[in-house]
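Before any comments, here is the structure.
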Amino acid sequence: MARPSRKDQILDAALACFAELGYDATRIRHIADRAGVSESALYRHYPSKDAVAQELYQQYFDLYAQRLRAIADAPGGAEERLRAVVRTTLALYRAHPAAFTFALLRLPSFLPALPAGTTYPMDVLTGIVHSGQRAGAVRNGQPNLLAAIFLGCMLRPIIVATFAAPGALNLLGDDRHDAVIEEAALAALRRPAGRTRMRATK
């Protein structure tokens, strides 16, 4: 009889270890102990800590991409979609803070190893920007550059909050800053005064 898979248990344990100890300080034995499995059992599923982390990264990377794809495919104008992107990003961060910050901070390590056919959030966002430009709602400029600027407006505050002194910037339990992040991100893409602008949402 085949042994039941413990992969979900191992992934959850790894994420907890990465959040508490830091990725570099985490060892296979830490993950195995947290998951309640032997190191040999863990190695039956994953050949290394990096393999565990790569699967975690892809899992949450794909989740974010799927959420953005749903926004891109939904009816509505540029501003409506871009506001939805900001709100979805902050909601996902609050729902999965350890996973979100892990994926965000380990981007250079695991992004190159994603498999062919992966949907990239940046590509989806670039498509939304390009569509907004065609409709005259988004400023001129290379779409992927504008998408990167927009993404930075959303993600940089999360990075700052992650490393800030306790109480300095709380985005997890305090949504009072959401409107500032949302308006700053949209302002970066609006056309200059005197040209067609994104219509304000009532």
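The way I read the labels, and the way they are meant: chains A, B, ... in the order of the structure tokens, residue 1 as the first residue of every chain, and ligand 1 as the first ligand shown, with later ones counted on from there.
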
Review point. If you count only C-alpha atoms, which residues fall within 12 Å of Gly36 of chain A, apart from same-chain ones fewer than 6 positions away, as a list in words?
Key: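 So, after excluding close chain neighbours, the residues are Arg6, Lys7, Gln9, Ile10, Leu11, Asp12, Ala13, Ala14, Arg29, His30 and Leu42 of chain A.
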
Let me see the file: selected residues, C-alpha atoms, as an mmCIF file, in the first residue's frame.
data_model
loop_
_atom_site.group_PDB
_atom_site.id
_atom_site.type_symbol
_atom_site.label_atom_id
_atom_site.label_comp_id
_atom_site.auth_asym_id
_atom_site.auth_seq_id
_atom_site.Cartn_x
_atom_site.Cartn_y
_atom_site.Cartn_z
ATOM 1 C CA ARG A 6 3.040 14.503 3.377
ATOM 2 C CA LYS A 7 3.866 17.215 0.852
ATOM 3 C CA GLN A 9 2.509 19.239 5.655
ATOM 4 C CA ILE A 10 6.115 19.712 4.595
ATOM 5 C CA LEU A 11 5.356 22.840 2.575
ATOM 6 C CA ASP A 12 3.448 24.414 5.471
ATOM 7 C CA ALA A 13 6.279 23.572 7.848
ATOM 8 C CA ALA A 14 8.883 24.978 5.481
ATOM 9 C CA ARG A 29 15.988 19.075 10.024
ATOM 10 C CA HIS A 30 14.065 22.206 11.070
ATOM 11 C CA LEU A 42 11.149 14.564 3.704
#

Exercise for review: List every residue of segment 9-88 of chain A that DSSP, applied to the backbone, labels as alpha helix (DSSP H), and write the result as a ChimeraX atom specification.
Suggested key: /A:9-21,28-35,39-45,49-73,78-88

Selected residues, C-alpha atoms, written as a JSON list (two decimals), in the first residue's frame, please.
[["chain", "number", "residue", "atom", "x", "y", "z"],
["A", 9, "GLN", "CA", 2.51, 19.24, 5.65],
["A", 10, "ILE", "CA", 6.11, 19.71, 4.59],
["A", 11, "LEU", "CA", 5.36, 22.84, 2.58],
["A", 12, "ASP", "CA", 3.45, 24.41, 5.47],
["A", 13, "ALA", "CA", 6.28, 23.57, 7.85],
["A", 14, "ALA", "CA", 8.88, 24.98, 5.48],
["A", 15, "LEU", "CA", 7.00, 28.24, 5.13],
["A", 16, "ALA", "CA", 6.76, 28.57, 8.91],
["A", 17, "CYS", "CA", 10.49, 27.90, 9.27],
["A", 18, "PHE", "CA", 11.41, 30.39, 6.56],
["A", 19, "ALA", "CA", 9.27, 33.04, 8.26],
["A", 20, "GLU", "CA", 10.67, 32.40, 11.76],
["A", 21, "LEU", "CA", 14.30, 31.52, 11.09],
["A", 28, "ILE", "CA", 16.14, 20.33, 6.45],
["A", 29, "ARG", "CA", 15.99, 19.08, 10.02],
["A", 30, "HIS", "CA", 14.06, 22.21, 11.07],
["A", 31, "ILE", "CA", 11.46, 21.57, 8.36],
["A", 32, "ALA", "CA", 11.23, 17.86, 9.17],
["A", 33, "ASP", "CA", 10.80, 18.54, 12.90],
["A", 34, "ARG", "CA", 8.10, 21.16, 12.27],
["A", 35, "ALA", "CA", 6.28, 18.84, 9.85],
["A", 39, "GLU", "CA", 14.42, 13.71, 7.43],
["A", 40, "SER", "CA", 14.40, 10.59, 5.27],
["A", 41, "ALA", "CA", 10.63, 10.95, 4.75],
["A", 42, "LEU", "CA", 11.15, 14.56, 3.70],
["A", 43, "TYR", "CA", 13.85, 13.55, 1.25],
["A", 44, "ARG", "CA", 11.44, 11.10, -0.37],
["A", 45, "HIS", "CA", 9.42, 14.12, -1.49],
["A", 49, "LYS", "CA", 15.65, 22.65, 0.88],
["A", 50, "ASP", "CA", 15.88, 24.57, -2.38],
["A", 51, "ALA", "CA", 13.44, 22.13, -4.01],
["A", 52, "VAL", "CA", 10.95, 22.67, -1.20],
["A", 53, "ALA", "CA", 11.33, 26.43, -1.55],
["A", 54, "GLN", "CA", 10.99, 26.33, -5.33],
["A", 55, "GLU", "CA", 7.66, 24.52, -5.09],
["A", 56, "LEU", "CA", 6.42, 26.96, -2.46],
["A", 57, "TYR", "CA", 7.50, 29.87, -4.61],
["A", 58, "GLN", "CA", 5.75, 28.53, -7.70],
["A", 59, "GLN", "CA", 2.57, 27.76, -5.75],
["A", 60, "TYR", "CA", 2.11, 31.33, -4.57],
["A", 61, "PHE", "CA", 3.49, 32.88, -7.77],
["A", 62, "ASP", "CA", 0.83, 30.96, -9.72],
["A", 63, "LEU", "CA", -1.87, 31.98, -7.24],
["A", 64, "TYR", "CA", -1.02, 35.68, -7.69],
["A", 65, "ALA", "CA", -0.87, 35.33, -11.47],
["A", 66, "GLN", "CA", -4.29, 33.63, -11.52],
["A", 67, "ARG", "CA", -5.83, 36.43, -9.45],
["A", 68, "LEU", "CA", -4.42, 39.07, -11.80],
["A", 69, "ARG", "CA", -5.52, 37.11, -14.87],
["A", 70, "ALA", "CA", -9.09, 37.06, -13.53],
["A", 71, "ILE", "CA", -8.95, 40.86, -13.20],
["A", 72, "ALA", "CA", -7.50, 41.29, -16.70],
["A", 73, "ASP", "CA", -10.24, 39.09, -18.19],
["A", 78, "ALA", "CA", -8.32, 50.61, -16.99],
["A", 79, "GLU", "CA", -8.85, 52.35, -13.67],
["A", 80, "GLU", "CA", -11.31, 49.74, -12.45],
["A", 81, "ARG", "CA", -8.87, 46.95, -13.28],
["A", 82, "LEU", "CA", -5.84, 48.71, -11.80],
["A", 83, "ARG", "CA", -7.68, 49.47, -8.57],
["A", 84, "ALA", "CA", -8.70, 45.81, -8.41],
["A", 85, "VAL", "CA", -5.04, 44.80, -8.81],
["A", 86, "VAL", "CA", -4.01, 46.93, -5.82],
["A", 87, "ARG", "CA", -6.83, 45.64, -3.64],
["A", 88, "THR", "CA", -6.21, 42.03, -4.65]]

**Study point:** For segment 162-172 of chain A: contacts at 8 Å, only C-alpha atoms, fewer than 5 positions along chain excluded, given as number ranges by chain
**Key:** A: 93-94, 97, 101, 177

How would the residues just picked look written out with N, CA and C atoms as a CSV table (one decimal), in the first residue's frame?
chain,number,residue,atom,x,y,z
A,93,TYR,N,-1.7,39.5,0.3
A,93,TYR,CA,-0.7,39.7,1.3
A,93,TYR,C,-1.2,39.4,2.7
A,94,ARG,N,-2.4,39.9,3.0
A,94,ARG,CA,-3.0,39.8,4.4
A,94,ARG,C,-3.4,38.3,4.6
A,97,PRO,N,0.5,36.2,4.6
A,97,PRO,CA,1.7,37.1,4.7
A,97,PRO,C,3.0,36.5,4.6
A,101,THR,N,5.5,37.4,1.5
A,101,THR,CA,6.8,38.1,1.7
A,101,THR,C,7.9,37.1,1.3
A,177,HIS,N,-3.8,52.6,5.3
A,177,HIS,CA,-2.9,53.1,4.3
A,177,HIS,C,-3.2,52.6,2.9

**Study point:** atom CA of Tyr46 of chain A to atom CA of Leu105 of chain A, distance in Å rounded to a single decimal
**Key:**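 A separation of 21.9 Å between them.
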
Practice item. Give the answer as one residue: which of A:Gly22, A:Pro192, A:Gly132, A:Gly77 has the shortest atom-to-atom distance to Ala98 of chain A, using only C-alpha atoms? Key: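 Looking only at the distances to Ala98 of chain A, the closest residue turns out to be A:Gly22.
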
Please identify every residue of segment 136-199 of chain A that has at least one atom no farther than 7 Å from an atom of segment 121-126 of chain A, counting only C-alpha atoms, and for each give the shortest atom pair and the distance in Å to one decimal, arranged by chain then increasing number, as JSON lines.
{"residue": "A:Pro143", "atom": "CA", "partner": "A:Thr126", "partner_atom": "CA", "distance": 5.5}
{"residue": "A:Asn144", "atom": "CA", "partner": "A:Thr126", "partner_atom": "CA", "distance": 5.1}
{"residue": "A:Ala147", "atom": "CA", "partner": "A:Thr126", "partner_atom": "CA", "distance": 5.2}

Quick one: write out the picked residues with N, CA and C atoms as an mmCIF file, in the first residue's frame?
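Saved to again_36.cif:
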data_model
loop_
_atom_site.group_PDB
_atom_site.id
_atom_site.type_symbol
_atom_site.label_atom_id
_atom_site.label_comp_id
_atom_site.auth_asym_id
_atom_site.auth_seq_id
_atom_site.Cartn_x
_atom_site.Cartn_y
_atom_site.Cartn_z
ATOM 1 N N PRO A 143 4.974 49.886 -22.008
ATOM 2 C CA PRO A 143 4.017 49.264 -21.078
ATOM 3 C C PRO A 143 4.661 48.475 -19.942
ATOM 4 N N ASN A 144 5.725 47.725 -20.243
ATOM 5 C CA ASN A 144 6.305 46.932 -19.151
ATOM 6 C C ASN A 144 7.033 47.809 -18.136
ATOM 7 N N ALA A 147 4.236 49.154 -16.018
ATOM 8 C CA ALA A 147 3.758 48.070 -15.152
ATOM 9 C C ALA A 147 4.714 47.858 -13.979
#

Review point. Mind pulling up the distance from atom CA of Arg156 of chain A to atom CA of Asp174 of chain A?
Key: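 Pair atom CA of Asp174 of chain A / atom CA of Arg156 of chain A returns 16.5 Å.
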
Review point. Could you work out how far atom CA of Ala135 of chain A lies from atom CA of Ala74 of chain A, giving the answer in Å with one decimal?
Key: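 Interatomic distance, atom CA of Ala74 of chain A to atom CA of Ala135 of chain A: 15.8 Å.
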
Practice item. For segment 183-188 of chain A, please output as a list of chain:residue names all residues within 7 Å (counting only C-alpha atoms; exclusion window: fewer than 3 positions along the same chain). Key: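 Counting only C-alpha atoms, the residues come to A:Phe150, A:Cys153, A:Met154, A:Ala179, A:Val180.
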